[in-house]
Each structure stands twice: as structure tokens, then as C-alpha cells.
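Single-structure report; data block below.
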Amino acid sequence: MNDNDLKLMEGLRSLAADGPREAPVWIEERLVGELRRQSRVRRRNRWLGAGAAAVAACLGIVLWIRTVPGVPAPPMAGVVGPAAPAPKAGGLPPAYAPGAEVAMNEAAINFYPLPDADDLPPIESATIVRVQLPLSSLRLMGLQVSDDRAAESIQADMLLGQDGLARGVRFVE
């Protein structure tokens, strides 16, 4: 220790020897008042924070639960089961074979099921996509197509499930 430290220690010891001292009453009252004010501010801030969190939670729940009226989906045609009309000898479905007498509204709503579509989960929502199919692809659906017409194409609507997988096909003129 140096000389300054020794003088400081002596001064502190002499103050301690005089005994405890009390602050004047006006300082004590001011100090207690300030502590109470800070306590009130902390309590108020705690309640404000809890209230703000509750309001935010309620707002989030209302927005989450609120249902927006949606636009009704267009009516969907059902997928035709195994009772679908058999194709004619030319390889086209009856509505598209030459001289066919099938009503066009019946042909427009019937989808031919694709192979293995029964193994897929049920359709919750569907999308119809118009495509050009080569006639040779109709063989995969069990339809007969002559070799001389296999290179031609036909317009078709594909029925896609919510998973994006094709469930059925409808032929379009």
C-alpha cells in the first residue's frame, strides 16, 4: 500500500468509530417516496405488458378463426367407374367414333378412370387441365387403338386430385 491508501484507511476507521449516523428525515421521506413511485411504475408496466399480450392473442385468434366466404367451386363431374362405355373398334370412345349417337352432355361429364387411380387417396379438391394426348396413350387405359392412328392426337381434360396426380380423363372434340 502506498501513503494515500493508508491515509484513506485511517479516515474511514475514524468515521466508523463515531458510530452509525441517520439521514435527515426529509431525505428519508424523499427516498421512500421515490421507491414507492418506481414500484407503482413497475406494477403499471407489468399490467400494460400483460394487457397488450392478451389483446394481441385475442386478435390473432379472431384472425385465425374468422372465415372468409369463399367463391363456390364449379360443380365437378364424378369419375366414372368400370361401367364406362366401351370404345368402338376404331379406338375412340363412343362419343368420338364416326356416326356416334351419344348425347354430348353425357360425354362431357364422364371421366374415364386411369389405371391405379383407385389406389390413390380420395379426392378432396380437384383441378381439370386440358391437354393434347397421343392416341397411343389410350392403350395405357385399356382402349384399342389401331397402329395407323397411333400418331394422331386428341384433346382431353385431365382430372387432377389435390396431390397433383391424374385420376381420370375426359375426351373433348
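By convention in this document, the chains of the C-alpha cells carry letters A, B, ... by their order, each chain's residues are numbered from 1, and ligands are numbered from 1 in the order they are shown.
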message: Neighbouring residues of Ser153 in chain A were defined as those with any atom within 9 Å, considering only C-alpha atoms; residues of the same chain fewer than 4 positions away were excluded. Please report them as a list in words.
response: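 Selected residues are Gln132, Leu133, Pro134, Leu135, Ser136 and Arg149 of chain A.
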Could those selected residues go to a file with N, CA, C and O atoms, as an mmCIF file, in the first residue's frame?
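Saved to out.cif:
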data_model
loop_
_atom_site.group_PDB
_atom_site.id
_atom_site.type_symbol
_atom_site.label_atom_id
_atom_site.label_comp_id
_atom_site.auth_asym_id
_atom_site.auth_seq_id
_atom_site.Cartn_x
_atom_site.Cartn_y
_atom_site.Cartn_z
ATOM 1 N N GLN A 132 -53.277 -32.224 -74.787
ATOM 2 C CA GLN A 132 -53.279 -32.952 -76.057
ATOM 3 C C GLN A 132 -52.637 -34.310 -75.782
ATOM 4 O O GLN A 132 -51.488 -34.376 -75.350
ATOM 5 N N LEU A 133 -53.365 -35.379 -76.021
ATOM 6 C CA LEU A 133 -52.839 -36.724 -75.791
ATOM 7 C C LEU A 133 -52.652 -37.432 -77.120
ATOM 8 O O LEU A 133 -53.527 -37.362 -77.988
ATOM 9 N N PRO A 134 -51.551 -38.154 -77.277
ATOM 10 C CA PRO A 134 -51.453 -39.002 -78.464
ATOM 11 C C PRO A 134 -52.412 -40.184 -78.306
ATOM 12 O O PRO A 134 -52.635 -40.666 -77.205
ATOM 13 N N LEU A 135 -52.997 -40.620 -79.404
ATOM 14 C CA LEU A 135 -53.938 -41.741 -79.326
ATOM 15 C C LEU A 135 -53.266 -42.998 -78.790
ATOM 16 O O LEU A 135 -53.913 -43.848 -78.192
ATOM 17 N N SER A 136 -51.959 -43.096 -78.974
ATOM 18 C CA SER A 136 -51.245 -44.277 -78.466
ATOM 19 C C SER A 136 -51.305 -44.361 -76.940
ATOM 20 O O SER A 136 -51.235 -45.448 -76.368
ATOM 21 N N ARG A 149 -53.396 -45.000 -86.613
ATOM 22 C CA ARG A 149 -53.883 -43.768 -85.983
ATOM 23 C C ARG A 149 -53.138 -43.450 -84.683
ATOM 24 O O ARG A 149 -53.457 -42.470 -84.022
#
task: Write out as a list of chain:residue names which residues come within 6 Å of Val169 in chain A when counting only C-alpha atoms, dropping same-chain ones fewer than 4 positions away.
output: A:Phe111, A:Tyr112, A:Asp157, A:Met158
task: Would you please work out which residue, of A:Asn45, A:Asn110, A:Ser137, A:Thr127, is nearest to Ile154 in chain A when using only C-alpha atoms?
output: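 Ranked by minimum distance to Ile154 in chain A, first place goes to A:Ser137.
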statement: Expressed in Å, the length from CA of Val32 in chain A to CA of Ala50 in chain A is 27.3 Å
- request: Would you kindly return, as a PyMOL selection string, each protein, DNA or RNA residue with an atom no farther than 10 Å from any atom of range 163-166 of chain A, considering only C-alpha atoms and excluding same-chain residues fewer than 6 positions away?
  value: chain A and resi 113-117+120-121+123-129
- request: Just give me the gap between CA of Glu10 in chain A and CA of Ile27 in chain A in Å, one decimal is fine.
  value: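 Interatomic distance here is 28.2 Å.
We find CA of Ala150 in chain A and CA of Leu138 in chain A to be spaced 9.0 Å apart.
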